[in-house]
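Engineer: Contents of final.cif (mmCIF, C-alpha atoms) are given next:
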data_coords
#
loop_
_atom_site.label_atom_id
_atom_site.label_comp_id
_atom_site.auth_asym_id
_atom_site.auth_seq_id
_atom_site.Cartn_x
_atom_site.Cartn_y
_atom_site.Cartn_z
CA MET A 1 79.09 139.98 173.29
CA ALA A 2 77.57 143.02 174.92
CA LEU A 3 77.06 146.72 174.37
CA GLN A 4 78.22 149.74 176.33
CA LEU A 5 75.72 152.36 177.48
CA VAL A 6 77.73 155.43 176.51
CA GLN A 7 75.40 158.43 176.52
CA VAL A 8 71.93 159.87 176.78
CA ASN A 9 70.75 161.81 173.77
CA PHE A 10 68.64 164.96 174.12
CA LYS A 11 66.64 166.33 171.18
CA ALA A 12 66.60 170.13 171.33
CA ARG A 13 65.65 173.34 169.58
CA ASP A 14 69.09 174.75 170.40
CA ASP A 15 71.78 172.18 171.11
CA SER A 16 74.35 174.79 172.13
CA ALA A 17 72.14 176.47 174.74
CA LEU A 18 70.81 173.24 176.21
CA GLY A 19 74.31 171.74 176.15
CA ARG A 20 75.64 174.70 178.13
CA PHE A 21 72.87 174.25 180.71
CA TRP A 22 73.71 170.59 181.25
CA ALA A 23 77.44 171.25 181.31
CA GLU A 24 76.93 173.83 184.06
CA ALA A 25 74.48 171.56 185.87
CA LEU A 26 76.90 168.62 185.92
CA GLY A 27 80.16 170.54 186.20
CA TRP A 28 81.32 169.09 182.88
CA GLY A 29 82.78 170.51 179.68
CA VAL A 30 81.35 170.90 176.18
CA SER A 31 82.64 170.06 172.72
CA SER A 32 81.07 169.52 169.31
CA GLU A 33 81.48 166.83 166.69
CA GLY A 34 79.70 168.96 164.10
CA PRO A 35 76.94 171.53 163.47
CA GLY A 36 73.81 170.93 165.51
CA VAL A 37 75.50 168.65 168.04
CA THR A 38 76.86 169.53 171.48
CA ASN A 39 78.70 166.90 173.52
CA VAL A 40 78.73 167.22 177.30
CA GLU A 41 81.23 165.11 179.22
CA PRO A 42 83.58 165.29 182.22
CA LEU A 43 86.69 167.39 181.75
CA GLY A 44 89.61 165.26 180.57
CA PHE A 45 87.29 162.35 179.83
CA ALA A 46 88.43 159.66 177.35
CA TRP A 47 85.11 158.62 175.79
CA PRO A 48 83.72 156.03 176.14
CA ASP A 49 84.38 155.01 179.73
CA PRO A 50 81.93 153.41 182.20
CA THR A 51 82.77 155.97 184.88
CA ALA A 52 80.29 158.32 183.18
CA VAL A 53 77.28 158.23 180.89
CA CYS A 54 77.71 161.38 178.81
CA VAL A 55 75.11 163.75 177.36
CA ASP A 56 74.72 164.35 173.64
CA VAL A 57 72.43 167.24 172.63
CA VAL A 58 71.18 167.30 169.04
CA THR A 59 69.17 170.03 167.35
CA VAL A 60 66.10 168.73 165.49
CA SER A 61 63.58 170.69 163.46
CA ASP A 62 60.62 169.91 165.71
CA PRO A 63 61.51 168.53 169.14
CA GLU A 64 57.87 168.75 170.20
CA THR A 65 57.18 165.60 168.17
CA VAL A 66 59.66 163.59 170.26
CA LYS A 67 58.44 161.89 173.41
CA TYR A 68 60.60 159.38 175.24
CA ARG A 69 60.26 157.83 178.69
CA ALA A 70 63.75 158.44 180.06
CA HIS A 71 65.04 161.11 182.43
CA LEU A 72 68.04 161.86 184.62
CA ASP A 73 68.25 161.85 188.41
CA LEU A 74 71.08 163.94 189.86
CA ALA A 75 73.00 162.92 192.98
CA THR A 76 73.71 165.05 196.05
CA THR A 77 75.88 164.43 199.08
CA SER A 78 73.97 166.33 201.80
CA ALA A 79 70.79 168.29 202.40
CA ALA A 80 72.78 171.50 202.00
CA HIS A 81 74.24 170.27 198.70
CA GLN A 82 70.76 169.40 197.43
CA ALA A 83 69.44 172.87 198.32
CA GLU A 84 72.46 174.59 196.77
CA LEU A 85 72.23 172.54 193.59
CA VAL A 86 68.52 173.25 193.16
CA GLU A 87 69.13 176.96 193.67
CA ARG A 88 71.95 176.97 191.13
CA LEU A 89 69.90 175.05 188.59
CA LEU A 90 67.06 177.54 188.91
CA GLU A 91 69.52 180.36 188.31
CA LEU A 92 70.73 178.53 185.17
CA GLY A 93 67.21 178.43 183.75
CA ALA A 94 65.54 175.34 185.20
CA THR A 95 61.97 175.64 186.45
CA PRO A 96 60.00 173.72 189.10
CA ALA A 97 57.93 170.88 187.63
CA ASP A 98 54.82 169.16 188.96
CA VAL A 99 54.44 165.60 187.71
CA GLY A 100 52.12 164.60 190.53
CA GLN A 101 55.00 163.70 192.83
CA GLY A 102 53.33 165.03 195.97
CA ASP A 103 55.38 165.40 199.16
CA VAL A 104 58.69 163.72 198.33
CA PRO A 105 62.27 164.34 199.51
CA TRP A 106 63.57 164.91 195.98
CA THR A 107 63.02 168.00 193.83
CA VAL A 108 61.50 167.78 190.37
CA LEU A 109 62.67 170.37 187.83
CA ALA A 110 62.53 170.94 184.07
CA ASP A 111 65.49 172.08 182.01
CA PRO A 112 65.17 175.16 179.75
CA GLU A 113 63.54 173.08 177.01
CA GLY A 114 61.06 171.39 179.37
CA ASN A 115 62.75 168.04 179.94
CA VAL A 116 61.93 166.89 183.45
CA PHE A 117 64.66 165.65 185.79
CA CYS A 118 65.08 165.10 189.53
CA VAL A 119 67.56 166.33 192.11
CA LEU A 120 67.66 163.55 194.67
CA GLU A 121 68.14 163.84 198.39
CA PRO A 122 71.39 162.24 199.62
CA ARG A 123 71.31 158.46 199.20
CA GLU A 124 74.18 156.18 200.15
CA ILE A 125 73.76 154.03 197.04
CA TYR A 126 74.61 157.01 194.82
CA ARG A 127 77.60 158.32 196.79
CA ASP A 128 80.12 157.30 194.08
CA THR A 129 78.16 157.66 190.84
CA GLY A 130 79.28 161.15 189.88
CA PRO A 131 76.77 163.96 189.27
CA ILE A 132 74.30 161.68 187.46
CA ALA A 133 72.94 159.21 189.98
CA THR A 134 70.81 157.23 187.58
CA VAL A 135 69.21 157.19 184.17
CA VAL A 136 65.55 156.33 184.70
CA VAL A 137 63.37 154.63 182.08
CA ASN A 138 59.66 154.36 182.79
CA CYS A 139 58.11 151.03 181.85
CA GLU A 140 55.20 148.68 182.50
CA ASP A 141 57.15 145.51 183.40
CA PRO A 142 60.50 146.10 185.14
CA ARG A 143 61.27 142.39 185.35
CA ALA A 144 60.95 141.83 181.61
CA MET A 145 62.79 145.04 180.82
CA ALA A 146 65.59 144.08 183.21
CA ARG A 147 66.05 140.80 181.36
CA PHE A 148 66.33 142.65 178.05
CA TRP A 149 68.69 145.40 179.20
CA SER A 150 70.94 143.12 181.25
CA GLU A 151 71.40 140.86 178.19
CA ALA A 152 71.71 143.78 175.78
CA THR A 153 74.50 145.45 177.76
CA ASP A 154 77.37 144.41 179.99
CA TRP A 155 75.57 145.94 182.96
CA THR A 156 74.92 143.90 186.10
CA LEU A 157 71.44 143.54 187.54
CA HIS A 158 71.61 144.58 191.22
CA GLU A 159 67.94 144.60 192.20
CA VAL A 160 64.64 143.69 190.59
CA ASN A 161 61.04 143.46 191.74
CA ASP A 162 57.60 144.22 190.33
CA ASP A 163 58.08 147.98 190.72
CA HIS A 164 61.63 148.68 189.66
CA ALA A 165 64.94 147.23 188.55
CA ARG A 166 68.42 148.64 189.01
CA LEU A 167 71.48 147.91 186.84
CA ARG A 168 75.02 149.25 186.81
CA SER A 169 78.14 148.79 184.72
CA SER A 170 79.88 145.49 185.40
CA LYS A 171 82.90 147.60 186.39
CA GLY A 172 80.94 148.88 189.41
CA VAL A 173 81.40 152.52 188.45
CA GLY A 174 79.32 155.37 187.05
CA PRO A 175 75.57 155.92 187.26
CA TYR A 176 72.84 153.32 187.48
CA LEU A 177 70.16 152.45 184.94
CA GLU A 178 66.80 152.15 186.67
CA LEU A 179 63.62 150.75 185.17
CA LEU A 180 60.64 152.21 186.99
CA ARG A 181 57.13 150.82 186.77
CA THR A 182 54.55 153.40 185.77
CA SER A 183 50.93 153.09 184.81
CA GLY A 184 48.75 155.15 182.54
CA GLU A 185 49.60 157.48 179.69
CA GLU A 186 52.81 159.48 179.98
CA THR A 187 52.01 163.14 180.63
CA VAL A 188 55.57 164.48 180.67
CA TRP A 189 57.39 165.30 177.45
CA ASN A 190 60.99 164.15 177.73
CA ARG A 191 63.26 164.07 174.71
CA VAL A 192 65.94 161.77 176.11
CA HIS A 193 66.92 158.34 174.80
CA LEU A 194 69.84 155.96 175.28
CA ASP A 195 72.81 155.42 172.94
CA LEU A 196 74.72 152.13 173.02
CA MET A 197 78.02 151.22 171.40
CA PRO A 198 79.78 147.91 170.61
CA TYR A 199 83.18 147.33 172.14
CA PRO A 200 86.21 147.79 169.86
CA GLY A 201 86.52 144.81 167.56
CA ASP A 202 82.84 143.85 167.86
CA ASP A 203 80.54 144.12 164.85
CA GLN A 204 77.62 146.55 164.88
CA ALA A 205 75.47 144.40 162.56
CA VAL A 206 76.04 141.30 164.70
CA GLU A 207 75.08 143.23 167.84
CA VAL A 208 71.95 144.61 166.18
CA ALA A 209 70.93 141.09 165.13
CA ARG A 210 71.48 139.90 168.70
CA LEU A 211 69.27 142.69 170.04
CA ARG A 212 66.50 141.79 167.60
CA ALA A 213 66.71 138.19 168.86
CA LEU A 214 66.28 139.54 172.41
CA GLY A 215 63.07 141.34 171.42
CA ALA A 216 64.20 144.69 170.00
CA THR A 217 62.44 146.01 166.90
CA ASP A 218 63.50 148.41 164.17
CA ALA A 219 62.51 152.03 164.70
CA ASP A 220 62.05 154.71 162.05
CA VAL A 221 62.50 158.16 163.54
CA GLY A 222 63.27 159.80 160.20
CA GLN A 223 66.98 159.15 160.65
CA GLY A 224 67.68 158.54 156.96
CA ASP A 225 71.09 157.22 155.92
CA VAL A 226 73.14 157.33 159.12
CA PRO A 227 75.92 155.16 160.57
CA TRP A 228 73.90 154.27 163.66
CA VAL A 229 70.92 151.92 163.93
CA CYS A 230 67.66 152.97 165.59
CA LEU A 231 65.84 150.27 167.54
CA ALA A 232 63.13 150.04 170.17
CA ASP A 233 63.19 147.85 173.27
CA PRO A 234 60.33 145.39 173.96
CA GLU A 235 58.17 148.21 175.38
CA GLY A 236 58.81 150.54 172.46
CA ASN A 237 61.44 152.80 174.02
CA GLU A 238 63.71 153.92 171.19
CA PHE A 239 67.51 153.73 171.46
CA CYS A 240 70.45 153.82 169.06
CA VAL A 241 73.36 151.48 168.42
CA LEU A 242 76.37 153.54 167.39
CA SER A 243 79.32 152.43 165.29
CA PRO A 244 82.20 151.03 167.36
CA ARG A 245 85.32 153.12 167.83
#
Could you rewrite the structure in this file as structure tokens?

Structural biologist:
Amino acid sequence: MALQLVQVNFKARDDSALGRFWAEALGWGVSSEGPGVTNVEPLGFAWPDPTAVCVDVVTVSDPETVKYRAHLDLATTSAAHQAELVERLLELGATPADVGQGDVPWTVLADPEGNVFCVLEPREIYRDTGPIATVVVNCEDPRAMARFWSEATDWTLHEVNDDHARLRSSKGVGPYLELLRTSGEETVWNRVHLDLMPYPGDDQAVEVARLRALGATDADVGQGDVPWVCLADPEGNEFCVLSPR
């Protein structure tokens, strides 16, 4: 048994506007499953598929109360591509962000609602990931987190040390999931968390019980009566287990 990492979920004041930004940023299309929700995914995409981790933008009444430790890193293929992408993102409404990064080869930006993300310099490891190079989750213990996430999902652990861990779909496609060691209180407000889904034929309740046995805990984010289950990983990062399709 294992779960699929199918999307990142953004909490927003305006799902439509933020969804349009990310669709333009990634070169993807938009759709909606209902009021207050904008889905951003590759054109012609048959969701879910490991070739992409999609973006789901949800309007909430007060996004300022939401603070997660995940963000996106975008891939580029050349120095010129990186410069062009940064320029285009700024034109779309992104702003430069200072998170204490200093002199680094990547560019740190914030989307129109203040969620920080990075535009990476060209890196060979990300040449075939698509526009999202990696989903980054800040943590205190990458080794322990790698054990949890590699057992929670069907993703393969490619690299782990005291400072970071890197996982990718067992199919060898799509973006990476990276667990990055950070210290001290988080100063950046990101409203991005992970959504997982059982494979067809698997049971959501059984998967949730398995995650609890791995160290996940129940999370109450005011979700009420919903078909998904809100949990937190061993370091308290919230994520959701969706109903299988």

Engineer: Using the chain letters and numbers from the file, give me the residues hit by the PyMOL selection byres ((chain A and resi 141-146) around 7), as a PyMOL selection string.

Structural biologist: chain A and resi 139-140+147-150+160-165+179-181

Engineer: Could you jot down the CA of Leu242 (chain A) to CA of Asp62 (chain A) separation for me, Å, one decimal place?

Structural biologist: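 CA of Asp62 (chain A) lies 22.8 Å from CA of Leu242 (chain A).
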
Engineer: Apply the PyMOL selection byres ((chain A and resi 12-20) around 8) to the displayed file and report the matching residues as a VMD selection string.

Structural biologist: chain A and resid 10 to 11 21 to 24 30 36 to 40 56 to 63 111 to 113 191

Engineer: Mind telling me what the PyMOL selection byres ((chain A and resi 156) around 7) catches here, as a list in words?

Structural biologist: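 On this input, the PyMOL selection byres ((chain A and resi 156) around 7) captures Ser150, Asp154, Trp155, Leu157, His158, Leu167, Arg168, Ser169 and Ser170 of chain A.
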
Engineer: Within 7 Å of Trp28 (chain A), counting only C-alpha atoms, which residues show up once you throw out same-chain ones fewer than 6 positions away? Write them as number ranges by chain, please.

Structural biologist: A: 40-43

Engineer: Please determine, counting all atoms listed in the file, which residue among A:Ala25, A:Ala75, A:Leu85, A:Val173 has the shortest atom-to-atom distance to Thr134 (chain A).

Structural biologist: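 Among A:Ala25, A:Ala75, A:Leu85, A:Val173, it is A:Ala75 that comes nearest to Thr134 (chain A).
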
Engineer: Quick one: pull the distance between CA of Arg123 (chain A) and CA of Ala97 (chain A), Å, one decimal.

Structural biologist: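 Separation of CA of Arg123 (chain A) and CA of Ala97 (chain A): 21.6 Å.
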
Engineer: Determine the nearest neighbour of Pro200 (chain A) from the options A:Asp103, A:Met1, A:Ile125, A:Gly93, counting all atoms listed in the file.

Structural biologist: A:Met1

Engineer: Which residues, written as an MDAnalysis selection string, have at least one atom at most 10 Å from Pro48 (chain A), with only C-alpha atoms counted and residues fewer than 4 positions away on the same chain left out?

Structural biologist: chainID A and resid 4:7 41 52:54 197 199 245

Engineer: Of the residues A:Glu91, A:Asp98, A:Glu84, A:Asp233, which is the one nearest to Ala152 (chain A), using only C-alpha atoms?

Structural biologist: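 When distances to Ala152 (chain A) are compared using only C-alpha atoms, the smallest one comes from A:Asp233.
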
Engineer: Report, in Å to a single decimal, how far apart CA of Asp218 (chain A) and CA of Leu72 (chain A) are.

Structural biologist: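 CA of Asp218 (chain A) lies at a distance of 24.9 Å from CA of Leu72 (chain A).
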